[in-house]
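J.: Sharing upload-v3.txt, compact mmCIF, C-alpha atoms and all ligand atoms:
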```
# COMPACT_ATOMS: atom_id res chain seq x y z
CA MET A 1 44.73 10.01 -20.95
CA ALA A 2 44.34 6.23 -20.60
CA ASP A 3 42.32 4.77 -17.75
CA SER A 4 43.43 4.70 -14.16
CA TYR A 5 42.73 1.71 -11.95
CA LEU A 6 41.22 1.15 -8.54
CA TYR A 7 41.54 -2.34 -7.07
CA PHE A 8 39.53 -3.63 -4.14
CA GLY A 9 41.53 -6.41 -2.50
CA ASP A 10 44.70 -7.36 -0.69
CA ASN A 11 47.54 -5.42 -2.28
CA LEU A 12 49.89 -8.44 -2.24
CA ASP A 13 47.50 -10.39 -4.50
CA VAL A 14 46.74 -7.38 -6.69
CA LEU A 15 50.41 -6.54 -7.18
CA ARG A 16 51.28 -10.14 -8.04
CA GLN A 17 48.31 -10.69 -10.36
CA HIS A 18 47.81 -7.33 -12.05
CA ILE A 19 50.86 -5.05 -11.99
CA ALA A 20 53.60 -5.68 -14.55
CA ASP A 21 57.36 -5.50 -13.88
CA GLU A 22 58.87 -2.01 -14.14
CA SER A 23 55.56 -0.36 -15.10
CA ILE A 24 55.22 2.30 -12.37
CA ASP A 25 56.93 5.73 -12.22
CA LEU A 26 56.23 6.72 -8.64
CA ILE A 27 55.00 4.90 -5.52
CA TYR A 28 53.65 6.48 -2.35
CA LEU A 29 52.53 4.19 0.45
CA ASP A 30 50.98 5.03 3.77
CA PRO A 31 50.49 1.58 5.31
CA PRO A 32 49.25 0.87 8.82
CA PHE A 33 52.00 2.04 11.22
CA ASN A 34 51.84 -0.77 13.84
CA SER A 35 49.98 1.66 16.09
CA ASP A 36 48.04 -1.12 17.89
CA LYS A 37 44.75 0.65 17.05
CA ASP A 38 41.49 -0.22 15.41
CA TYR A 39 40.45 2.62 13.08
CA VAL A 40 36.79 3.55 12.72
CA ALA A 41 35.23 6.16 10.42
CA LEU A 42 35.27 9.68 11.88
CA SER A 43 32.29 11.95 11.57
CA GLY A 44 32.69 13.66 8.25
CA LYS A 45 30.60 14.64 5.30
CA ARG A 46 27.50 12.63 4.40
CA ARG A 47 28.32 9.77 2.04
CA SER A 48 26.12 8.02 -0.48
CA ALA A 49 26.05 4.37 0.57
CA ASP A 50 25.07 2.95 -2.85
CA ILE A 51 28.20 0.91 -3.38
CA LEU A 52 28.79 -0.19 0.22
CA PRO A 53 26.38 -3.16 0.43
CA THR A 54 27.90 -4.68 -2.72
CA LEU A 55 31.38 -4.26 -1.40
CA GLN A 56 30.44 -5.76 1.96
CA LEU A 57 28.95 -8.73 0.17
CA LEU A 58 32.16 -9.20 -1.77
CA ALA A 59 34.26 -8.84 1.35
CA GLY A 60 32.16 -11.57 2.99
CA GLU A 61 31.10 -12.01 6.62
CA ASP A 62 34.17 -10.21 7.83
CA ALA A 63 32.99 -6.82 6.67
CA ARG A 64 29.57 -7.21 8.27
CA ALA A 65 31.05 -8.41 11.55
CA THR A 66 33.32 -5.35 11.77
CA LYS A 67 30.72 -2.69 10.92
CA GLY A 68 32.14 0.77 11.65
CA ARG A 69 35.75 -0.40 11.53
CA VAL A 70 37.66 0.93 8.55
CA PHE A 71 40.89 -0.96 9.10
CA LYS A 72 42.80 -2.70 11.83
CA ASP A 73 46.41 -1.91 12.77
CA ILE A 74 46.94 -4.56 15.46
CA TRP A 75 49.55 -7.26 14.84
CA ARG A 76 50.08 -10.53 16.70
CA TRP A 77 52.40 -13.49 16.20
CA ASP A 78 50.55 -16.69 15.24
CA ASP A 79 51.07 -19.86 13.16
CA GLU A 80 50.17 -18.16 9.88
CA VAL A 81 52.64 -15.33 10.51
CA ASN A 82 55.26 -17.88 11.51
CA ASN A 83 54.78 -19.71 8.18
CA ASN A 84 55.08 -16.43 6.26
CA PHE A 85 58.23 -15.64 8.25
CA GLN A 86 59.72 -19.05 7.34
CA ARG A 87 58.89 -18.46 3.68
CA ILE A 88 60.84 -15.17 3.73
CA ILE A 89 63.78 -16.74 5.58
CA GLU A 90 63.94 -19.51 2.96
CA CYS A 91 63.55 -17.21 -0.08
CA ASN A 92 66.37 -16.56 -2.56
CA ASN A 93 66.88 -13.00 -1.37
CA ASN A 94 69.84 -13.36 1.00
CA ARG A 95 69.87 -9.79 2.21
CA LEU A 96 66.17 -9.90 3.10
CA SER A 97 66.43 -13.30 4.73
CA GLN A 98 69.41 -12.20 6.85
CA THR A 99 67.68 -8.96 7.85
CA LEU A 100 64.53 -10.76 9.03
CA THR A 101 66.63 -13.33 10.92
CA ALA A 102 68.52 -10.52 12.65
CA PHE A 103 65.23 -8.75 13.54
CA SER A 104 63.83 -11.95 15.07
CA GLN A 105 66.98 -12.32 17.19
CA LEU A 106 66.82 -8.69 18.28
CA ILE A 107 63.13 -8.21 19.01
CA GLY A 108 61.77 -11.77 19.20
CA LYS A 109 58.67 -13.19 17.55
CA ASN A 110 56.08 -10.62 18.53
CA GLY A 111 53.59 -8.10 17.12
CA LEU A 112 56.30 -5.84 15.73
CA LEU A 113 57.93 -8.70 13.84
CA ALA A 114 54.48 -9.84 12.61
CA TYR A 115 53.98 -6.34 11.19
CA ILE A 116 57.37 -6.47 9.44
CA VAL A 117 56.54 -9.92 8.05
CA MET A 118 53.35 -8.39 6.56
CA LEU A 119 55.25 -5.48 4.99
CA ALA A 120 58.30 -7.32 3.60
CA PRO A 121 56.74 -9.27 0.69
CA ARG A 122 54.74 -6.18 -0.34
CA LEU A 123 57.93 -4.09 -0.53
CA VAL A 124 59.52 -6.84 -2.64
CA GLU A 125 56.60 -6.54 -5.10
CA LEU A 126 56.80 -2.73 -5.08
CA HIS A 127 60.50 -2.98 -5.97
CA ARG A 128 59.60 -5.29 -8.87
CA VAL A 129 56.93 -2.99 -10.36
CA LEU A 130 58.96 0.25 -10.11
CA LYS A 131 60.65 1.53 -13.28
CA PRO A 132 64.46 2.07 -13.18
CA THR A 133 63.75 5.83 -13.31
CA GLY A 134 61.18 5.61 -10.51
CA SER A 135 61.20 6.26 -6.80
CA ILE A 136 59.21 5.24 -3.73
CA TYR A 137 58.05 7.27 -0.73
CA LEU A 138 57.19 5.18 2.34
CA HIS A 139 55.24 6.97 5.06
CA CYS A 140 55.74 5.68 8.63
CA ASP A 141 56.26 6.90 12.19
CA GLN A 142 58.18 6.10 15.37
CA HIS A 143 56.35 2.79 15.90
CA ALA A 144 58.44 0.99 13.26
CA SER A 145 60.45 3.49 11.19
CA ALA A 146 63.86 2.24 12.43
CA TYR A 147 63.08 -1.31 11.30
CA ILE A 148 61.38 -0.23 8.07
CA ARG A 149 64.48 1.75 7.08
CA LEU A 150 66.65 -1.37 7.42
CA LEU A 151 64.03 -3.44 5.61
CA MET A 152 64.06 -0.91 2.75
CA ASP A 153 67.88 -1.04 2.70
CA ALA A 154 67.65 -4.82 2.33
CA ILE A 155 65.12 -4.65 -0.53
CA PHE A 156 65.98 -1.43 -2.38
CA GLY A 157 69.66 -1.17 -1.36
CA SER A 158 71.14 1.39 1.03
CA GLU A 159 72.82 3.00 -1.99
CA ASN A 160 69.35 4.00 -3.21
CA PHE A 161 68.31 5.76 -0.01
CA LEU A 162 67.71 9.44 -0.82
CA ASN A 163 66.07 11.17 2.16
CA CYS A 164 64.22 10.66 5.38
CA ILE A 165 61.68 13.46 5.00
CA VAL A 166 60.26 14.70 8.27
CA TRP A 167 56.64 15.76 8.00
CA CYS A 168 56.05 18.18 10.90
CA TYR A 169 52.49 18.86 12.01
CA GLY A 170 50.86 20.55 14.97
CA LEU A 171 47.84 18.42 15.83
CA GLY A 172 47.68 15.50 18.27
CA GLY A 173 48.09 14.94 21.98
CA SER A 174 51.11 15.05 24.24
CA SER A 175 52.40 13.01 27.16
CA PRO A 176 53.96 14.08 30.48
CA ARG A 177 56.51 11.26 29.95
CA TYR A 178 58.18 12.31 26.67
CA TRP A 179 58.45 15.15 24.11
CA PRO A 180 55.21 15.54 22.15
CA ARG A 181 55.39 13.43 18.98
CA LYS A 182 54.62 15.85 16.18
CA HIS A 183 56.15 14.36 13.07
CA ASP A 184 56.04 11.37 10.74
CA ASP A 185 58.92 9.98 8.67
CA ILE A 186 58.73 9.54 4.91
CA LEU A 187 61.54 7.33 3.60
CA TRP A 188 62.45 8.05 0.01
CA TYR A 189 64.36 5.52 -2.16
CA SER A 190 65.15 5.34 -5.87
CA LYS A 191 65.11 2.07 -7.79
CA GLU A 192 68.62 2.69 -9.19
CA PRO A 193 71.33 5.17 -8.20
CA ASN A 194 70.99 8.60 -9.85
CA LYS A 195 68.37 7.58 -12.40
CA HIS A 196 65.25 8.83 -10.64
CA ASN A 197 63.17 11.77 -11.84
CA PHE A 198 63.28 14.76 -9.52
CA GLU A 199 62.59 18.46 -9.77
CA ALA A 200 62.90 20.34 -6.48
CA VAL A 201 59.79 22.20 -5.31
CA GLN A 202 60.21 25.88 -4.39
CA ILE A 203 58.68 27.31 -1.22
CA PRO A 204 58.71 30.86 0.25
CA ALA A 205 61.94 31.58 2.19
CA THR A 206 61.42 32.56 5.83
CA SER A 207 64.85 33.93 6.84
CA GLN A 208 65.25 37.69 7.14
CA ARG A 209 68.02 37.64 4.51
CA MET A 210 65.87 35.93 1.83
CA LYS A 211 62.52 37.48 2.74
CA GLY A 212 60.18 37.65 -0.28
CA GLN A 213 62.24 35.11 -2.26
CA MET A 214 61.70 31.42 -2.96
CA LYS A 215 63.99 28.55 -1.94
CA LYS A 216 64.19 24.78 -2.45
CA ALA A 217 62.05 22.89 0.05
CA PRO A 218 64.37 21.17 2.58
CA ASP A 219 63.85 17.65 3.99
CA PHE A 220 61.51 18.78 6.78
CA TRP A 221 58.05 19.81 5.67
CA ASN A 222 55.75 22.02 7.72
CA ILE A 223 52.38 21.05 6.31
CA PRO A 224 49.31 21.23 8.56
CA THR A 225 47.15 18.13 9.12
CA ILE A 226 43.55 18.30 7.92
CA ASN A 227 41.41 20.31 10.34
CA ASN A 228 37.76 19.55 11.15
CA MET A 229 36.44 22.23 8.82
CA ALA A 230 38.74 21.54 5.84
CA LYS A 231 36.99 21.06 2.50
CA GLU A 232 39.15 18.06 1.69
CA ARG A 233 38.16 16.19 4.87
CA THR A 234 36.36 12.92 4.08
CA GLY A 235 35.95 11.46 7.57
CA PHE A 236 38.45 8.68 6.78
CA PRO A 237 40.79 8.11 9.74
CA THR A 238 44.48 8.70 8.92
CA GLN A 239 43.61 10.75 5.79
CA LYS A 240 46.71 12.69 4.65
CA PRO A 241 46.61 16.29 3.40
CA GLU A 242 46.57 16.90 -0.34
CA ALA A 243 49.42 19.44 0.05
CA LEU A 244 51.72 16.63 1.23
CA LEU A 245 50.97 14.47 -1.82
CA GLU A 246 51.21 17.47 -4.13
CA ARG A 247 54.81 18.02 -3.11
CA ILE A 248 55.72 14.36 -3.63
CA ILE A 249 53.94 13.92 -6.95
CA GLU A 250 55.02 17.26 -8.44
CA SER A 251 58.68 16.76 -7.54
CA SER A 252 59.06 13.09 -8.45
CA SER A 253 56.86 12.43 -11.48
CA ARG A 254 55.89 14.07 -14.74
CA LYS A 255 52.60 14.58 -16.53
CA GLY A 256 51.34 11.27 -17.97
CA ASP A 257 53.41 9.17 -15.52
CA ILE A 258 51.79 6.38 -13.48
CA VAL A 259 51.55 6.85 -9.71
CA LEU A 260 50.78 3.82 -7.51
CA ASP A 261 49.36 3.90 -3.98
CA PRO A 262 48.94 0.32 -2.70
CA PHE A 263 47.33 1.41 0.63
CA CYS A 264 45.23 4.20 -0.90
CA GLY A 265 42.65 4.72 1.89
CA SER A 266 40.41 7.68 1.03
CA GLY A 267 42.30 8.24 -2.23
CA THR A 268 44.34 11.35 -1.44
CA THR A 269 47.20 10.23 -3.72
CA LEU A 270 44.82 9.30 -6.52
CA CYS A 271 42.93 12.61 -6.46
CA VAL A 272 46.11 14.69 -6.42
CA ALA A 273 47.67 12.57 -9.18
CA HIS A 274 44.51 12.99 -11.26
CA ARG A 275 44.49 16.77 -10.76
CA LEU A 276 48.17 16.99 -11.75
CA GLY A 277 47.63 15.03 -15.00
CA ARG A 278 49.18 11.73 -13.88
CA LYS A 279 47.63 8.27 -14.34
CA TRP A 280 47.21 6.31 -11.15
CA VAL A 281 46.69 2.89 -9.63
CA GLY A 282 45.06 2.62 -6.21
CA ILE A 283 44.60 -0.51 -4.08
CA ASP A 284 42.74 -0.98 -0.80
CA ASN A 285 41.05 -3.89 0.94
CA ALA A 286 38.61 -1.81 3.03
CA PRO A 287 35.11 -1.40 1.54
CA LYS A 288 34.86 2.08 3.08
CA ALA A 289 38.05 3.19 1.33
CA VAL A 290 36.88 2.12 -2.13
CA GLU A 291 33.50 3.74 -1.57
CA LEU A 292 35.17 6.99 -0.59
CA VAL A 293 37.62 7.04 -3.50
CA GLU A 294 34.79 6.75 -6.01
CA GLU A 295 32.75 9.42 -4.33
CA ARG A 296 35.71 11.76 -3.87
CA LEU A 297 36.75 11.46 -7.52
CA GLY A 298 33.17 12.07 -8.60
CA ILE A 299 32.87 15.21 -6.48
CA LEU A 300 36.25 16.61 -7.58
CA PHE A 301 36.33 15.69 -11.25
CA GLY A 302 32.76 14.73 -12.22
CA CYS A 303 31.18 11.47 -13.25
CA GLU A 304 33.51 11.14 -16.23
CA ALA A 305 36.47 10.49 -13.94
CA VAL A 306 34.56 7.74 -12.16
CA TYR A 307 33.40 6.09 -15.40
CA LYS A 308 36.95 6.12 -16.71
CA LEU A 309 38.45 4.31 -13.74
CA LYS A 310 38.44 0.55 -13.71
CA LEU A 311 37.21 -0.85 -10.41
CA THR A 312 38.50 -4.39 -10.05
CA PHE A 313 37.65 -6.85 -7.30
CA SER A 314 40.53 -9.13 -6.45
CA ASN A 315 40.17 -12.13 -4.13
C1 LIG B 401 46.87 4.72 6.77
S1 LIG B 401 45.59 4.26 5.70
C2 LIG B 401 45.92 5.18 4.23
C3 LIG B 401 45.34 6.58 4.27
C4 LIG B 401 45.52 7.35 2.97
N1 LIG B 401 46.88 7.74 2.77
C5 LIG B 401 44.64 8.58 2.90
O1 LIG B 401 45.10 9.70 2.69
O2 LIG B 401 43.42 8.39 3.06
C6 LIG B 401 46.06 2.63 5.31
C7 LIG B 401 45.11 1.92 4.35
O3 LIG B 401 45.68 0.66 4.01
C8 LIG B 401 44.63 -0.26 3.81
N2 LIG B 401 45.22 -1.61 3.90
C9 LIG B 401 45.75 -2.22 4.99
N3 LIG B 401 46.22 -3.44 4.66
C10 LIG B 401 45.99 -3.61 3.33
C11 LIG B 401 46.25 -4.65 2.41
N4 LIG B 401 46.86 -5.78 2.79
N5 LIG B 401 45.87 -4.49 1.13
C12 LIG B 401 45.25 -3.35 0.72
N6 LIG B 401 44.98 -2.31 1.55
C13 LIG B 401 45.34 -2.43 2.84
C14 LIG B 401 43.63 0.07 4.90
O4 LIG B 401 42.35 -0.39 4.57
C15 LIG B 401 43.72 1.60 4.91
O5 LIG B 401 42.74 2.15 4.07
```
Using structure tokens, write down the structure that the file contains.

T.:
Amino acid sequence: MADSYLYFGDNLDVLRQHIADESIDLIYLDPPFNSDKDYVALSGKRRSADILPTLQLLAGEDARATKGRVFKDIWRWDDEVNNNFQRIIECNNNRLSQTLTAFSQLIGKNGLLAYIVMLAPRLVELHRVLKPTGSIYLHCDQHASAYIRLLMDAIFGSENFLNCIVWCYGLGGSSPRYWPRKHDDILWYSKEPNKHNFEAVQIPATSQRMKGQMKKAPDFWNIPTINNMAKERTGFPTQKPEALLERIIESSSRKGDIVLDPFCGSGTTLCVAHRLGRKWVGIDNAPKAVELVEERLGILFGCEAVYKLKLTFSN
């Protein structure tokens, strides 16, 4: 198996500089959700800090000034965002430009639109790097999923929308003001109509009639979140369960395929892809994330896996 790649840097730069057109078989992304939160490391297992000082040095003053913070999911409208917005409006992609103009008229120039302006050019790059037989799973929640779906329609085409998978979980708080929010949305699109790889995953049937038999997994997935005692827990906030990624990777890629996660965090996608015999490309701009991915791969697959991966710093 050829090398897999881990990039430390902004995924927009990495995608533009390092990832070739139509080279990726499957994309899963779990970007910030526009939750208006600052995420810090949770108490988890002890980590070796060998690589962290180097990474902080490379990340510059910023990393030292935000010690403890893993990543920030707070979006505000400012001059830089406004310039990026103008660039999208003036680009050659009519559908995208019209969609962003309509969003600005509907919601105004605010934090939500700033978040969409961040996401849009990255989705354009992800569309470019995906093979014609590939597909993309975009993980989001109620904060922005309605807008992201329309943004994906503009970039990937509504004809390539396949499913809105509902990931149901039990954990989390509740409010006296509305129904407890206990699911995320995962939007699934192909690059081209009917060309994508897919093999349905079978799960145990629960109805009385089919008891003891298997059935195709439907578009709502009951998969528990990671509990405090789980072996896979790394202490990274927003870490997703391996079972969730297993279902996506097993159903929508084949052995030897390349799986890309441009917001890879603690490396859940990368570890599952590795275990299932896929090659992978991970990108993250948080020093803590890159540190964790290396350590997690080392623990799961031994030093060899870590030596084989190419860690690239991208400015
Ligand atoms: C929700 S977390 C991903 C969690 C991951 N799925 C897991 O299981 O651990 C989002 C990640 O995106 C990263 N991120 C945010 N903006 C980024 C950017 N522009 N380029 C690269 N990574 C980014 C953050 O550092 C964070 O690690």

J.: Quick check, in Å to one decimal: how far apart do CA of Asp284 in chain A and CA of Pro262 in chain A lie?

T.: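 CA of Asp284 in chain A sits 6.6 Å away from CA of Pro262 in chain A.
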
J.: Please give me, as a PDB file with C-alpha atoms, in the frame of the given file, the residues lying within 8 Å of ligand LIG 401 (chain B) when counting only C-alpha atoms and all ligand atoms.

T.:
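So result.pdb came out as:
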```
ATOM      1  CA  PHE A   8      39.530  -3.630  -4.140  1.00  0.00           C
ATOM      2  CA  GLY A   9      41.530  -6.410  -2.500  1.00  0.00           C
ATOM      3  CA  ASP A  10      44.700  -7.360  -0.690  1.00  0.00           C
ATOM      4  CA  ASN A  11      47.540  -5.420  -2.280  1.00  0.00           C
ATOM      5  CA  LEU A  12      49.890  -8.440  -2.240  1.00  0.00           C
ATOM      6  CA  LEU A  29      52.530   4.190   0.450  1.00  0.00           C
ATOM      7  CA  ASP A  30      50.980   5.030   3.770  1.00  0.00           C
ATOM      8  CA  PRO A  31      50.490   1.580   5.310  1.00  0.00           C
ATOM      9  CA  PRO A  32      49.250   0.870   8.820  1.00  0.00           C
ATOM     10  CA  PHE A  33      52.000   2.040  11.220  1.00  0.00           C
ATOM     11  CA  VAL A  70      37.660   0.930   8.550  1.00  0.00           C
ATOM     12  CA  PHE A  71      40.890  -0.960   9.100  1.00  0.00           C
ATOM     13  CA  LYS A  72      42.800  -2.700  11.830  1.00  0.00           C
ATOM     14  CA  ASP A  73      46.410  -1.910  12.770  1.00  0.00           C
ATOM     15  CA  MET A 118      53.350  -8.390   6.560  1.00  0.00           C
ATOM     16  CA  PHE A 236      38.450   8.680   6.780  1.00  0.00           C
ATOM     17  CA  PRO A 237      40.790   8.110   9.740  1.00  0.00           C
ATOM     18  CA  THR A 238      44.480   8.700   8.920  1.00  0.00           C
ATOM     19  CA  GLN A 239      43.610  10.750   5.790  1.00  0.00           C
ATOM     20  CA  LYS A 240      46.710  12.690   4.650  1.00  0.00           C
ATOM     21  CA  PRO A 241      46.610  16.290   3.400  1.00  0.00           C
ATOM     22  CA  GLU A 242      46.570  16.900  -0.340  1.00  0.00           C
ATOM     23  CA  PRO A 262      48.940   0.320  -2.700  1.00  0.00           C
ATOM     24  CA  PHE A 263      47.330   1.410   0.630  1.00  0.00           C
ATOM     25  CA  CYS A 264      45.230   4.200  -0.900  1.00  0.00           C
ATOM     26  CA  GLY A 265      42.650   4.720   1.890  1.00  0.00           C
ATOM     27  CA  SER A 266      40.410   7.680   1.030  1.00  0.00           C
ATOM     28  CA  GLY A 267      42.300   8.240  -2.230  1.00  0.00           C
ATOM     29  CA  THR A 268      44.340  11.350  -1.440  1.00  0.00           C
ATOM     30  CA  THR A 269      47.200  10.230  -3.720  1.00  0.00           C
ATOM     31  CA  ILE A 283      44.600  -0.510  -4.080  1.00  0.00           C
ATOM     32  CA  ASP A 284      42.740  -0.980  -0.800  1.00  0.00           C
ATOM     33  CA  ASN A 285      41.050  -3.890   0.940  1.00  0.00           C
ATOM     34  CA  ALA A 286      38.610  -1.810   3.030  1.00  0.00           C
ATOM     35  CA  PRO A 287      35.110  -1.400   1.540  1.00  0.00           C
ATOM     36  CA  LYS A 288      34.860   2.080   3.080  1.00  0.00           C
ATOM     37  CA  ALA A 289      38.050   3.190   1.330  1.00  0.00           C
TER      38      ALA A 289
END
```

J.: CA of Arg275 in chain A to CA of Ala200 in chain A: how many Å, to one decimal?

T.: 19.2 Å

J.: Using only C-alpha atoms, which residue out of A:Ser35, A:Thr234, A:Gln86, A:Asn160 lies closest to Asn194 in chain A?

T.: A:Asn160

J.: Return the single residue from A:His196, A:Arg278, A:His183, A:Arg209 that is closest to His143 in chain A, with distances computed using only C-alpha atoms.

T.: A:His183
